[in-house]
file final.tsv (TSV, C-alpha atoms)
chain	number	residue	atom	x	y	z
B	297	MET	CA	74.79	51.92	42.97
B	298	THR	CA	73.18	48.68	41.87
B	299	GLN	CA	73.91	45.53	43.82
B	300	ALA	CA	76.82	43.61	42.26
B	301	LYS	CA	75.99	39.96	41.66
B	302	HIS	CA	79.39	38.57	40.80
B	303	PRO	CA	82.96	39.73	40.16
B	304	GLY	CA	83.21	41.23	36.71
B	305	LEU	CA	81.30	44.04	35.05
B	306	ASN	CA	77.70	43.69	36.18
B	307	LEU	CA	74.93	44.51	33.75
B	308	GLY	CA	72.88	46.03	36.57
B	309	ALA	CA	69.54	47.79	36.37
B	310	THR	CA	69.83	48.59	32.65
B	311	HIS	CA	69.56	44.87	31.80
B	312	PRO	CA	67.60	43.25	34.64
B	313	GLU	CA	66.95	40.03	32.70
B	314	ALA	CA	70.54	39.41	31.59
B	315	HIS	CA	71.73	40.58	35.00
B	316	GLU	CA	69.72	37.87	36.79
B	317	SER	CA	70.44	35.06	34.37
B	318	SER	CA	74.20	35.68	34.21
B	319	GLU	CA	74.80	35.07	37.90
B	320	THR	CA	75.25	31.28	37.90
B	321	PRO	CA	77.26	31.14	34.63
B	322	ALA	CA	79.57	33.86	35.92
B	323	PHE	CA	80.25	31.94	39.13
B	324	GLY	CA	80.83	28.73	37.18
B	325	PHE	CA	83.16	30.53	34.83
B	326	TRP	CA	85.19	31.89	37.74
B	327	VAL	CA	85.57	28.29	38.96
B	328	PHE	CA	86.95	27.37	35.52
B	329	LEU	CA	89.28	30.39	35.48
B	330	MET	CA	90.62	29.54	38.92
B	331	SER	CA	91.34	25.93	37.94
B	332	ASP	CA	93.08	27.31	34.86
B	333	LEU	CA	95.08	29.50	37.22
B	334	ILE	CA	96.24	26.36	39.05
B	335	ILE	CA	97.53	24.88	35.77
B	336	PHE	CA	99.47	28.06	35.04
B	337	ALA	CA	100.75	28.16	38.64
B	338	ILE	CA	102.25	24.67	38.23
B	339	LEU	CA	103.83	25.65	34.91
B	340	PHE	CA	105.31	28.80	36.51
B	341	ALA	CA	106.78	26.72	39.35
B	342	HIS	CA	108.09	24.22	36.78
B	343	TYR	CA	109.71	27.04	34.79
B	344	VAL	CA	111.47	28.50	37.81
B	345	VAL	CA	112.77	25.07	38.85
B	346	MET	CA	114.01	24.32	35.32
B	347	GLN	CA	115.66	27.71	34.84
B	348	ASP	CA	119.23	26.37	35.03
B	349	ALA	CA	118.57	22.99	33.36
B	350	ARG	CA	119.89	24.15	29.99
B	351	ALA	CA	122.00	21.11	28.98
B	352	GLY	CA	124.37	23.46	27.15
B	353	GLY	CA	121.51	24.96	25.15
B	354	PRO	CA	120.58	28.63	24.80
B	355	GLY	CA	119.20	30.69	27.71
B	356	PRO	CA	117.21	33.93	28.09
B	357	GLU	CA	120.07	36.20	26.91
B	358	GLU	CA	120.33	34.43	23.55
B	359	LEU	CA	116.60	33.84	23.05
B	360	PHE	CA	114.60	36.87	24.10
B	361	ASP	CA	114.01	39.98	22.03
B	362	LEU	CA	112.88	42.59	24.55
B	363	LYS	CA	111.51	44.91	21.86
B	364	SER	CA	109.17	42.22	20.55
B	365	VAL	CA	108.13	41.36	24.11
B	366	ALA	CA	107.34	45.02	24.84
B	367	MET	CA	105.20	45.17	21.68
B	368	GLN	CA	103.33	42.00	22.66
B	369	THR	CA	102.72	43.38	26.15
B	370	ALA	CA	101.38	46.67	24.77
B	371	LEU	CA	99.11	44.86	22.28
B	372	LEU	CA	97.64	42.55	24.91
B	373	LEU	CA	97.08	45.38	27.39
B	374	ALA	CA	95.42	47.47	24.68
B	375	SER	CA	93.18	44.53	23.75
B	376	SER	CA	92.20	44.08	27.40
B	377	PHE	CA	91.20	47.76	27.47
B	378	THR	CA	89.25	47.52	24.22
B	379	TYR	CA	87.38	44.51	25.61
B	380	GLY	CA	86.40	46.83	28.45
B	381	MET	CA	84.87	49.00	25.73
B	382	VAL	CA	82.96	45.93	24.45
B	383	SER	CA	81.47	45.47	27.93
B	384	LEU	CA	80.65	49.16	28.32
B	385	SER	CA	79.01	49.52	24.91
B	386	MET	CA	77.00	46.35	25.62
B	387	LYS	CA	75.85	47.81	28.92
B	388	HIS	CA	75.12	51.38	27.86
B	389	HIS	CA	74.31	51.37	24.14
B	390	ASP	CA	72.44	48.09	23.88
B	391	ARG	CA	72.93	47.94	20.10
B	392	PRO	CA	75.00	45.24	18.35
B	393	ALA	CA	76.99	47.65	16.12
B	394	PRO	CA	79.32	49.32	18.70
B	395	VAL	CA	79.77	46.00	20.51
B	396	MET	CA	80.83	44.32	17.27
B	397	LEU	CA	83.14	47.20	16.37
B	398	TRP	CA	85.06	46.94	19.67
B	399	LEU	CA	85.10	43.13	19.37
B	400	VAL	CA	86.76	43.46	15.96
B	401	VAL	CA	89.33	45.93	17.37
B	402	THR	CA	90.05	43.51	20.23
B	403	ALA	CA	90.43	40.62	17.79
B	404	LEU	CA	92.82	42.62	15.59
B	405	LEU	CA	95.02	43.48	18.58
B	406	GLY	CA	94.93	39.82	19.67
B	407	ALA	CA	95.89	38.71	16.16
B	408	ALA	CA	98.84	41.14	16.12
B	409	PHE	CA	99.95	39.74	19.50
B	410	LEU	CA	99.76	36.18	18.19
B	411	GLY	CA	101.61	37.15	15.01
B	412	LEU	CA	104.56	38.55	16.97
B	413	GLU	CA	104.57	35.56	19.31
B	414	LEU	CA	104.58	33.08	16.43
B	415	ARG	CA	107.41	35.01	14.76
B	416	ASP	CA	109.43	34.73	18.00
B	417	PHE	CA	108.64	31.00	18.22
B	418	ALA	CA	109.79	30.51	14.63
B	419	SER	CA	113.06	32.34	15.23
B	420	MET	CA	113.63	30.24	18.38
B	421	ILE	CA	113.34	27.08	16.31
B	422	ASP	CA	115.76	28.55	13.74
B	423	GLU	CA	118.25	29.32	16.49
B	424	GLY	CA	118.23	25.70	17.65
B	425	ALA	CA	115.92	26.19	20.61
B	426	PRO	CA	112.95	23.83	20.07
B	427	PRO	CA	111.16	22.44	23.16
B	428	GLN	CA	113.11	19.18	23.11
B	429	ARG	CA	116.51	20.91	23.31
B	430	SER	CA	116.66	21.16	27.12
B	431	GLY	CA	114.56	20.97	30.28
B	432	TYR	CA	114.61	24.75	30.41
B	433	LEU	CA	113.26	25.07	26.87
B	434	SER	CA	110.53	22.47	27.49
B	435	ALA	CA	109.35	24.53	30.47
B	436	LEU	CA	109.53	27.76	28.48
B	437	TRP	CA	107.56	26.42	25.51
B	438	ALA	CA	104.96	24.78	27.77
B	439	LEU	CA	104.28	27.98	29.73
B	440	VAL	CA	104.36	30.57	26.93
B	441	GLY	CA	102.80	28.13	24.45
B	442	LEU	CA	99.83	27.38	26.72
B	443	HIS	CA	99.17	31.10	27.07
B	444	GLY	CA	99.38	31.47	23.29
B	445	LEU	CA	96.88	28.61	22.88
B	446	HIS	CA	94.54	30.37	25.30
B	447	VAL	CA	94.75	33.56	23.23
B	448	THR	CA	94.03	31.51	20.09
B	449	ALA	CA	90.98	29.97	21.77
B	450	GLY	CA	89.88	33.48	22.79
B	451	MET	CA	90.16	34.64	19.17
B	452	ILE	CA	87.95	31.74	18.02
B	453	TRP	CA	85.47	32.63	20.75
B	454	ILE	CA	85.44	36.30	19.62
B	455	GLY	CA	84.78	35.11	16.05
B	456	LEU	CA	81.86	32.97	17.24
B	457	MET	CA	80.40	35.87	19.22
B	458	LEU	CA	80.66	38.14	16.16
B	459	ALA	CA	78.77	35.57	14.12
B	460	LEU	CA	76.10	35.15	16.82
B	461	LEU	CA	75.72	38.93	17.19
B	462	ALA	CA	75.24	39.28	13.45
B	463	LEU	CA	72.66	36.48	13.41
B	464	ARG	CA	70.68	37.10	16.60
B	465	GLY	CA	71.53	40.58	17.89
B	466	LEU	CA	72.08	41.39	21.56
B	467	THR	CA	69.94	38.78	23.33
B	468	ALA	CA	70.19	38.15	27.07
B	469	GLN	CA	72.05	34.90	26.42
B	470	ILE	CA	74.61	36.60	24.18
B	471	LYS	CA	75.13	39.31	26.80
B	472	THR	CA	75.95	36.63	29.37
B	473	ARG	CA	78.42	35.00	26.99
B	474	LEU	CA	80.07	38.31	26.21
B	475	LEU	CA	80.41	38.88	29.95
B	476	LEU	CA	82.18	35.52	30.35
B	477	LEU	CA	84.42	36.13	27.34
B	478	GLY	CA	85.40	39.42	29.00
B	479	LEU	CA	86.43	37.63	32.19
B	480	TYR	CA	88.46	35.19	30.09
B	481	TRP	CA	90.17	37.90	28.05
B	482	HIS	CA	91.12	40.03	31.09
B	483	PHE	CA	92.35	36.87	32.84
B	484	LEU	CA	94.72	36.15	29.94
B	485	ASP	CA	96.30	39.58	30.39
B	486	LEU	CA	96.82	38.79	34.09
B	487	ILE	CA	98.66	35.59	33.16
B	488	TRP	CA	100.73	37.56	30.64
B	489	ILE	CA	101.86	39.95	33.40
B	490	GLY	CA	103.22	36.86	35.19
B	491	ILE	CA	104.94	35.55	32.04
B	492	LEU	CA	106.43	38.97	31.28
B	493	SER	CA	107.76	39.36	34.81
B	494	VAL	CA	108.99	35.82	35.48
B	495	VAL	CA	110.14	34.69	32.05
B	496	TYR	CA	111.20	37.76	30.07
B	497	LEU	CA	112.07	40.54	32.53
B	498	GLY	CA	113.19	38.09	35.24
B	499	GLY	CA	115.37	36.24	32.72
B	500	LEU	CA	117.07	39.38	31.41
B	501	ALA	CA	117.42	41.33	34.69
I	27	MET	CA	72.62	56.14	33.66
I	28	LYS	CA	74.87	58.56	31.75
I	29	THR	CA	77.05	59.37	34.79
I	30	ASP	CA	77.29	55.62	35.41
I	31	ALA	CA	78.72	55.17	31.91
I	32	ARG	CA	81.23	57.97	32.35
I	33	SER	CA	82.53	56.77	35.71
I	34	GLU	CA	82.84	53.22	34.38
I	35	LEU	CA	84.80	54.45	31.37
I	36	ARG	CA	87.05	56.36	33.75
I	37	ARG	CA	87.72	53.12	35.68
I	38	TYR	CA	88.92	51.36	32.53
I	39	ILE	CA	91.12	54.31	31.56
I	40	THR	CA	92.60	54.45	35.08
I	41	GLY	CA	93.30	50.72	34.94
I	42	ALA	CA	94.96	50.90	31.54
I	43	ALA	CA	97.07	53.95	32.48
I	44	LEU	CA	98.22	52.34	35.74
I	45	SER	CA	99.07	49.10	33.92
I	46	ALA	CA	101.05	50.94	31.24
I	47	LEU	CA	102.94	52.91	33.89
I	48	LEU	CA	103.79	49.82	35.95
I	49	THR	CA	104.87	47.90	32.84
I	50	ALA	CA	107.12	50.80	31.77
I	51	ALA	CA	108.67	50.91	35.26
I	52	ALA	CA	109.41	47.16	35.15
I	53	PHE	CA	111.00	47.43	31.69
I	54	TRP	CA	113.04	50.45	32.83
I	55	ALA	CA	114.43	48.52	35.82
I	56	VAL	CA	115.67	45.75	33.52
I	57	VAL	CA	116.99	47.91	30.66
I	58	SER	CA	118.76	50.69	32.59
I	59	ASP	CA	122.39	50.14	33.51
I	60	GLY	CA	122.33	51.71	36.97
I	61	VAL	CA	120.07	49.06	38.55
I	62	THR	CA	121.61	45.88	40.01
I	63	ARG	CA	120.05	42.47	39.22
I	64	GLY	CA	118.67	42.06	42.75
I	65	THR	CA	117.00	45.48	42.78
I	66	ALA	CA	115.65	45.00	39.27
I	67	LEU	CA	114.01	41.68	40.27
I	68	TRP	CA	112.36	43.35	43.26
I	69	ILE	CA	111.06	46.20	41.11
I	70	VAL	CA	109.74	43.77	38.47
I	71	GLY	CA	108.03	41.62	41.11
I	72	LEU	CA	106.40	44.52	42.93
I	73	CYS	CA	105.26	46.13	39.67
I	74	ALA	CA	103.71	42.81	38.59
I	75	LEU	CA	101.79	42.42	41.87
I	76	ALA	CA	100.61	46.04	41.72
I	77	GLN	CA	99.52	45.65	38.09
I	78	ILE	CA	97.63	42.41	38.81
I	79	ALA	CA	95.86	44.17	41.71
I	80	ALA	CA	95.06	47.17	39.50
I	81	GLN	CA	93.61	45.00	36.70
I	82	LEU	CA	91.58	42.88	39.14
I	83	ARG	CA	90.09	46.08	40.50
I	84	PHE	CA	89.60	48.18	37.38
I	85	PHE	CA	89.09	45.56	34.63
I	86	LEU	CA	87.59	42.60	36.51
I	87	HIS	CA	85.73	44.75	39.07
I	88	ILE	CA	86.68	42.72	42.11
I	89	GLY	CA	86.27	44.67	45.31
I	90	ALA	CA	84.05	45.43	48.25
I	91	HIS	CA	80.87	44.94	46.18
I	92	THR	CA	81.86	41.45	45.11
I	93	LYS	CA	79.69	38.67	46.51
I	94	ARG	CA	81.38	36.74	49.33
I	95	GLU	CA	81.44	33.26	47.75
I	96	ASP	CA	83.17	34.55	44.63
I	97	LEU	CA	85.77	36.40	46.64
I	98	TYR	CA	86.43	33.27	48.75
I	99	LEU	CA	86.82	31.21	45.57
I	100	ILE	CA	89.39	33.63	44.18
I	101	LEU	CA	91.30	34.01	47.45
I	102	PHE	CA	91.36	30.25	48.08
I	103	SER	CA	92.62	29.56	44.54
I	104	VAL	CA	95.34	32.17	44.94
I	105	LEU	CA	96.30	30.56	48.26
I	106	LEU	CA	96.53	27.13	46.56
I	107	ALA	CA	98.57	28.54	43.69
I	108	GLY	CA	100.89	30.31	46.13
I	109	LEU	CA	101.39	27.14	48.18
I	110	MET	CA	102.15	25.07	45.10
I	111	ILE	CA	104.52	27.61	43.53
I	112	GLY	CA	106.25	28.48	46.79
I	113	GLY	CA	106.40	24.88	47.99
I	114	THR	CA	107.77	23.56	44.71
I	115	ILE	CA	110.48	26.19	44.46
I	116	TRP	CA	111.42	25.79	48.13
I	117	ILE	CA	111.71	22.01	47.99
I	118	MET	CA	113.55	21.91	44.64
I	119	ALA	CA	116.01	24.66	45.67
I	120	SER	CA	116.71	22.86	48.93
I	121	LEU	CA	117.19	19.58	47.03
I	122	GLN	CA	119.63	21.25	44.65
I	123	THR	CA	121.83	22.63	47.43
I	124	ARG	CA	121.86	19.26	49.19
I	125	MET	CA	122.90	17.37	46.04
I	126	HIS	CA	126.03	19.46	45.53
call {"tool": "encode", "arguments": {"input": "final.tsv", "output": "structure tokens"}}
result
Amino acid sequence: MTQAKHPGLNLGATHPEAHESSETPAFGFWVFLMSDLIIFAILFAHYVVMQDARAGGPGPEELFDLKSVAMQTALLLASSFTYGMVSLSMKHHDRPAPVMLWLVVTALLGAAFLGLELRDFASMIDEGAPPQRSGYLSALWALVGLHGLHVTAGMIWIGLMLALLALRGLTAQIKTRLLLLGLYWHFLDLIWIGILSVVYLGGLA
Amino acid sequence: MKTDARSELRRYITGAALSALLTAAAFWAVVSDGVTRGTALWIVGLCALAQIAAQLRFFLHIGAHTKREDLYLILFSVLLAGLMIGGTIWIMASLQTRMH
């Protein structure tokens, strides 16, 4: 067992150079993720407090489509798993091709998730539930919308990594960045578990 | 290094299977007719905590081998988040009952 340097998949003895140089970035990135967690925590608290502030507007029963939510959950979980395959093929194959393949699969699953989420957002606007309708809806849009923005940012990041991989191959620096992107992508699935449980399942229970 | 690869793949599969199972259980609690609202909320909450723990362990590899500073950072941030969420809900709920 090689000595783990930081939380997250360690590159270990197979990549001594990238293993050493990724330690400080990984710690810094955890600091970022944890401050991001604080932002989400406040939005979760805000959502719970605002739950009954509907001003006569629609609530969870009218708004949520559990089938679509289940699909989104499955897509995001699958993409978290396929990012695991990105990390593993980076660690054990050390060739750009399998890494890029799994990155593309992850991006496709992320895009399908975003597509369903945007469709739900559009139908909420059609049903007269835009953010400005009530305090409850402002809280809902802020929380779910911020997560959606994070996924969008993650997709852009995946696109950039694909371009860099195609241009430069698997350098030590790119390995470190892929490691950080992995932390980010898994973290987004953790936040989604919270949104699923508090917003969707909690609202319809 | 080959056994290393296989055991790491098994970790990801375990994590994904556990997550899928816990998600299905949470959905079942909400959809099925036999479960009361209170029970369903407990099941959803416990499944969520278990799934977060499972993903931290199997996807983010946080555990006994994690370096101390990183673990402290994560635990302290979770403590802060818990205080802010719990405190906000407590104060606002108390305020609401007092205003009626």
call {"tool": "interface_residues", "arguments": {"input": "final.tsv", "of": "chain I", "to": "chain B", "cutoff": "9 Å", "atoms": "all atoms listed in the file", "output": "PDB file with C-alpha atoms, keeping the file's coordinate frame"}}
result
ATOM      1  CA  MET I  27      72.620  56.140  33.660  1.00  0.00           C
ATOM      2  CA  LYS I  28      74.870  58.560  31.750  1.00  0.00           C
ATOM      3  CA  ASP I  30      77.290  55.620  35.410  1.00  0.00           C
ATOM      4  CA  ALA I  31      78.720  55.170  31.910  1.00  0.00           C
ATOM      5  CA  GLU I  34      82.840  53.220  34.380  1.00  0.00           C
ATOM      6  CA  LEU I  35      84.800  54.450  31.370  1.00  0.00           C
ATOM      7  CA  TYR I  38      88.920  51.360  32.530  1.00  0.00           C
ATOM      8  CA  ILE I  39      91.120  54.310  31.560  1.00  0.00           C
ATOM      9  CA  GLY I  41      93.300  50.720  34.940  1.00  0.00           C
ATOM     10  CA  ALA I  42      94.960  50.900  31.540  1.00  0.00           C
ATOM     11  CA  SER I  45      99.070  49.100  33.920  1.00  0.00           C
ATOM     12  CA  ALA I  46     101.050  50.940  31.240  1.00  0.00           C
ATOM     13  CA  THR I  49     104.870  47.900  32.840  1.00  0.00           C
ATOM     14  CA  ALA I  52     109.410  47.160  35.150  1.00  0.00           C
ATOM     15  CA  PHE I  53     111.000  47.430  31.690  1.00  0.00           C
ATOM     16  CA  ALA I  55     114.430  48.520  35.820  1.00  0.00           C
ATOM     17  CA  VAL I  56     115.670  45.750  33.520  1.00  0.00           C
ATOM     18  CA  VAL I  57     116.990  47.910  30.660  1.00  0.00           C
ATOM     19  CA  THR I  62     121.610  45.880  40.010  1.00  0.00           C
ATOM     20  CA  ARG I  63     120.050  42.470  39.220  1.00  0.00           C
ATOM     21  CA  GLY I  64     118.670  42.060  42.750  1.00  0.00           C
ATOM     22  CA  ALA I  66     115.650  45.000  39.270  1.00  0.00           C
ATOM     23  CA  LEU I  67     114.010  41.680  40.270  1.00  0.00           C
ATOM     24  CA  VAL I  70     109.740  43.770  38.470  1.00  0.00           C
ATOM     25  CA  GLY I  71     108.030  41.620  41.110  1.00  0.00           C
ATOM     26  CA  CYS I  73     105.260  46.130  39.670  1.00  0.00           C
ATOM     27  CA  ALA I  74     103.710  42.810  38.590  1.00  0.00           C
ATOM     28  CA  LEU I  75     101.790  42.420  41.870  1.00  0.00           C
ATOM     29  CA  GLN I  77      99.520  45.650  38.090  1.00  0.00           C
ATOM     30  CA  ILE I  78      97.630  42.410  38.810  1.00  0.00           C
ATOM     31  CA  GLN I  81      93.610  45.000  36.700  1.00  0.00           C
ATOM     32  CA  LEU I  82      91.580  42.880  39.140  1.00  0.00           C
ATOM     33  CA  PHE I  85      89.090  45.560  34.630  1.00  0.00           C
ATOM     34  CA  LEU I  86      87.590  42.600  36.510  1.00  0.00           C
ATOM     35  CA  HIS I  87      85.730  44.750  39.070  1.00  0.00           C
ATOM     36  CA  ILE I  88      86.680  42.720  42.110  1.00  0.00           C
ATOM     37  CA  GLY I  89      86.270  44.670  45.310  1.00  0.00           C
ATOM     38  CA  HIS I  91      80.870  44.940  46.180  1.00  0.00           C
ATOM     39  CA  THR I  92      81.860  41.450  45.110  1.00  0.00           C
ATOM     40  CA  LYS I  93      79.690  38.670  46.510  1.00  0.00           C
ATOM     41  CA  ARG I  94      81.380  36.740  49.330  1.00  0.00           C
ATOM     42  CA  GLU I  95      81.440  33.260  47.750  1.00  0.00           C
ATOM     43  CA  ASP I  96      83.170  34.550  44.630  1.00  0.00           C
ATOM     44  CA  LEU I  97      85.770  36.400  46.640  1.00  0.00           C
ATOM     45  CA  LEU I  99      86.820  31.210  45.570  1.00  0.00           C
ATOM     46  CA  ILE I 100      89.390  33.630  44.180  1.00  0.00           C
ATOM     47  CA  SER I 103      92.620  29.560  44.540  1.00  0.00           C
ATOM     48  CA  VAL I 104      95.340  32.170  44.940  1.00  0.00           C
ATOM     49  CA  LEU I 106      96.530  27.130  46.560  1.00  0.00           C
ATOM     50  CA  ALA I 107      98.570  28.540  43.690  1.00  0.00           C
ATOM     51  CA  GLY I 108     100.890  30.310  46.130  1.00  0.00           C
ATOM     52  CA  MET I 110     102.150  25.070  45.100  1.00  0.00           C
ATOM     53  CA  ILE I 111     104.520  27.610  43.530  1.00  0.00           C
ATOM     54  CA  GLY I 112     106.250  28.480  46.790  1.00  0.00           C
ATOM     55  CA  GLY I 113     106.400  24.880  47.990  1.00  0.00           C
ATOM     56  CA  THR I 114     107.770  23.560  44.710  1.00  0.00           C
ATOM     57  CA  ILE I 115     110.480  26.190  44.460  1.00  0.00           C
ATOM     58  CA  MET I 118     113.550  21.910  44.640  1.00  0.00           C
ATOM     59  CA  ALA I 119     116.010  24.660  45.670  1.00  0.00           C
TER      60      ALA I 119
END
call {"tool": "atom_distance", "arguments": {"input": "final.tsv", "atom1": "CA of Ser318 in chain B", "atom2": "CA of Thr472 in chain B"}}
result
5.2 Å
call {"tool": "atom_distance", "arguments": {"input": "final.tsv", "atom1": "CA of Ala314 in chain B", "atom2": "CA of Leu372 in chain B"}}
result
28.1 Å
call {"tool": "residues_around", "arguments": {"input": "final.tsv", "residues": "range 437-452 of chain B", "least_positions_apart": "3", "cutoff": "7 Å", "atoms": "only C-alpha atoms", "output": "list in words"}}
result
Leu339, Phe340, Ala403, Leu410, Pro427, Leu433, Ser434, Gly455, Leu456 and Trp481 of chain B
call {"tool": "axis_aligned_box", "arguments": {"input": "final.tsv", "around": "range 310-327 of chain B", "padding_each_side": "4 Å", "output": "lines of an AutoDock Vina configuration file"}}
result
center_x = 76.3
center_y = 38.4
center_z = 35.4
size_x = 26.6
size_y = 28.3
size_z = 15.5
call {"tool": "atom_distance", "arguments": {"input": "final.tsv", "atom1": "CA of Thr29 in chain I", "atom2": "CA of Leu461 in chain B"}}
result
27.0 Å
call {"tool": "decode", "arguments": {"input": "final.tsv", "residues": "range 51-120 of chain I", "atoms": "C-alpha atoms", "output": "PDB file, in the first residue's frame"}}
result
ATOM      1  CA  ALA I  51     -34.639   2.809  -0.971  1.00  0.00           C
ATOM      2  CA  ALA I  52     -35.199   6.561  -0.530  1.00  0.00           C
ATOM      3  CA  PHE I  53     -37.421   6.738  -3.636  1.00  0.00           C
ATOM      4  CA  TRP I  54     -39.355   3.658  -2.464  1.00  0.00           C
ATOM      5  CA  ALA I  55     -40.069   5.263   0.932  1.00  0.00           C
ATOM      6  CA  VAL I  56     -41.579   8.319  -0.776  1.00  0.00           C
ATOM      7  CA  VAL I  57     -43.506   6.546  -3.549  1.00  0.00           C
ATOM      8  CA  SER I  58     -45.019   3.602  -1.636  1.00  0.00           C
ATOM      9  CA  ASP I  59     -48.391   4.139   0.007  1.00  0.00           C
ATOM     10  CA  GLY I  60     -47.763   2.177   3.200  1.00  0.00           C
ATOM     11  CA  VAL I  61     -45.127   4.564   4.604  1.00  0.00           C
ATOM     12  CA  THR I  62     -46.206   7.595   6.670  1.00  0.00           C
ATOM     13  CA  ARG I  63     -44.657  11.031   5.976  1.00  0.00           C
ATOM     14  CA  GLY I  64     -42.626  10.993   9.199  1.00  0.00           C
ATOM     15  CA  THR I  65     -41.154   7.549   8.542  1.00  0.00           C
ATOM     16  CA  ALA I  66     -40.451   8.398   4.908  1.00  0.00           C
ATOM     17  CA  LEU I  67     -38.504  11.531   5.934  1.00  0.00           C
ATOM     18  CA  TRP I  68     -36.407   9.478   8.360  1.00  0.00           C
ATOM     19  CA  ILE I  69     -35.662   6.867   5.702  1.00  0.00           C
ATOM     20  CA  VAL I  70     -34.741   9.554   3.138  1.00  0.00           C
ATOM     21  CA  GLY I  71     -32.474  11.333   5.630  1.00  0.00           C
ATOM     22  CA  LEU I  72     -30.677   8.202   6.773  1.00  0.00           C
ATOM     23  CA  CYS I  73     -30.236   6.944   3.201  1.00  0.00           C
ATOM     24  CA  ALA I  74     -28.760  10.324   2.218  1.00  0.00           C
ATOM     25  CA  LEU I  75     -26.247  10.283   5.090  1.00  0.00           C
ATOM     26  CA  ALA I  76     -25.290   6.677   4.331  1.00  0.00           C
ATOM     27  CA  GLN I  77     -24.876   7.452   0.624  1.00  0.00           C
ATOM     28  CA  ILE I  78     -22.728  10.534   1.321  1.00  0.00           C
ATOM     29  CA  ALA I  79     -20.543   8.410   3.617  1.00  0.00           C
ATOM     30  CA  ALA I  80     -20.308   5.665   0.979  1.00  0.00           C
ATOM     31  CA  GLN I  81     -19.305   8.109  -1.785  1.00  0.00           C
ATOM     32  CA  LEU I  82     -16.760   9.874   0.437  1.00  0.00           C
ATOM     33  CA  ARG I  83     -15.196   6.493   1.134  1.00  0.00           C
ATOM     34  CA  PHE I  84     -15.397   4.757  -2.229  1.00  0.00           C
ATOM     35  CA  PHE I  85     -15.281   7.664  -4.724  1.00  0.00           C
ATOM     36  CA  LEU I  86     -13.315  10.343  -2.851  1.00  0.00           C
ATOM     37  CA  HIS I  87     -11.115   7.863  -0.943  1.00  0.00           C
ATOM     38  CA  ILE I  88     -11.386   9.550   2.428  1.00  0.00           C
ATOM     39  CA  GLY I  89     -10.483   7.228   5.252  1.00  0.00           C
ATOM     40  CA  ALA I  90      -7.797   6.075   7.615  1.00  0.00           C
ATOM     41  CA  HIS I  91      -5.031   6.717   5.045  1.00  0.00           C
ATOM     42  CA  THR I  92      -6.035  10.336   4.573  1.00  0.00           C
ATOM     43  CA  LYS I  93      -3.516  12.872   5.825  1.00  0.00           C
ATOM     44  CA  ARG I  94      -4.556  14.505   9.112  1.00  0.00           C
ATOM     45  CA  GLU I  95      -4.745  18.150   7.962  1.00  0.00           C
ATOM     46  CA  ASP I  96      -7.075  17.280   5.111  1.00  0.00           C
ATOM     47  CA  LEU I  97      -9.347  15.278   7.362  1.00  0.00           C
ATOM     48  CA  TYR I  98      -9.453  18.158   9.891  1.00  0.00           C
ATOM     49  CA  LEU I  99     -10.326  20.580   7.088  1.00  0.00           C
ATOM     50  CA  ILE I 100     -13.227  18.405   5.953  1.00  0.00           C
ATOM     51  CA  LEU I 101     -14.510  17.698   9.461  1.00  0.00           C
ATOM     52  CA  PHE I 102     -14.272  21.366  10.501  1.00  0.00           C
ATOM     53  CA  SER I 103     -16.128  22.499   7.363  1.00  0.00           C
ATOM     54  CA  VAL I 104     -18.849  19.926   7.986  1.00  0.00           C
ATOM     55  CA  LEU I 105     -19.101  21.170  11.587  1.00  0.00           C
ATOM     56  CA  LEU I 106     -19.469  24.772  10.344  1.00  0.00           C
ATOM     57  CA  ALA I 107     -22.084  23.761   7.772  1.00  0.00           C
ATOM     58  CA  GLY I 108     -23.985  21.788  10.405  1.00  0.00           C
ATOM     59  CA  LEU I 109     -23.944  24.710  12.847  1.00  0.00           C
ATOM     60  CA  MET I 110     -25.162  27.138  10.208  1.00  0.00           C
ATOM     61  CA  ILE I 111     -27.901  24.870   8.850  1.00  0.00           C
ATOM     62  CA  GLY I 112     -29.038  23.666  12.269  1.00  0.00           C
ATOM     63  CA  GLY I 113     -28.791  27.108  13.863  1.00  0.00           C
ATOM     64  CA  THR I 114     -30.674  28.840  11.060  1.00  0.00           C
ATOM     65  CA  ILE I 115     -33.511  26.323  11.047  1.00  0.00           C
ATOM     66  CA  TRP I 116     -33.735  26.318  14.853  1.00  0.00           C
ATOM     67  CA  ILE I 117     -33.863  30.104  15.178  1.00  0.00           C
ATOM     68  CA  MET I 118     -36.281  30.636  12.278  1.00  0.00           C
ATOM     69  CA  ALA I 119     -38.634  27.849  13.443  1.00  0.00           C
ATOM     70  CA  SER I 120     -38.638  29.279  16.954  1.00  0.00           C
TER      71      SER I 120
END
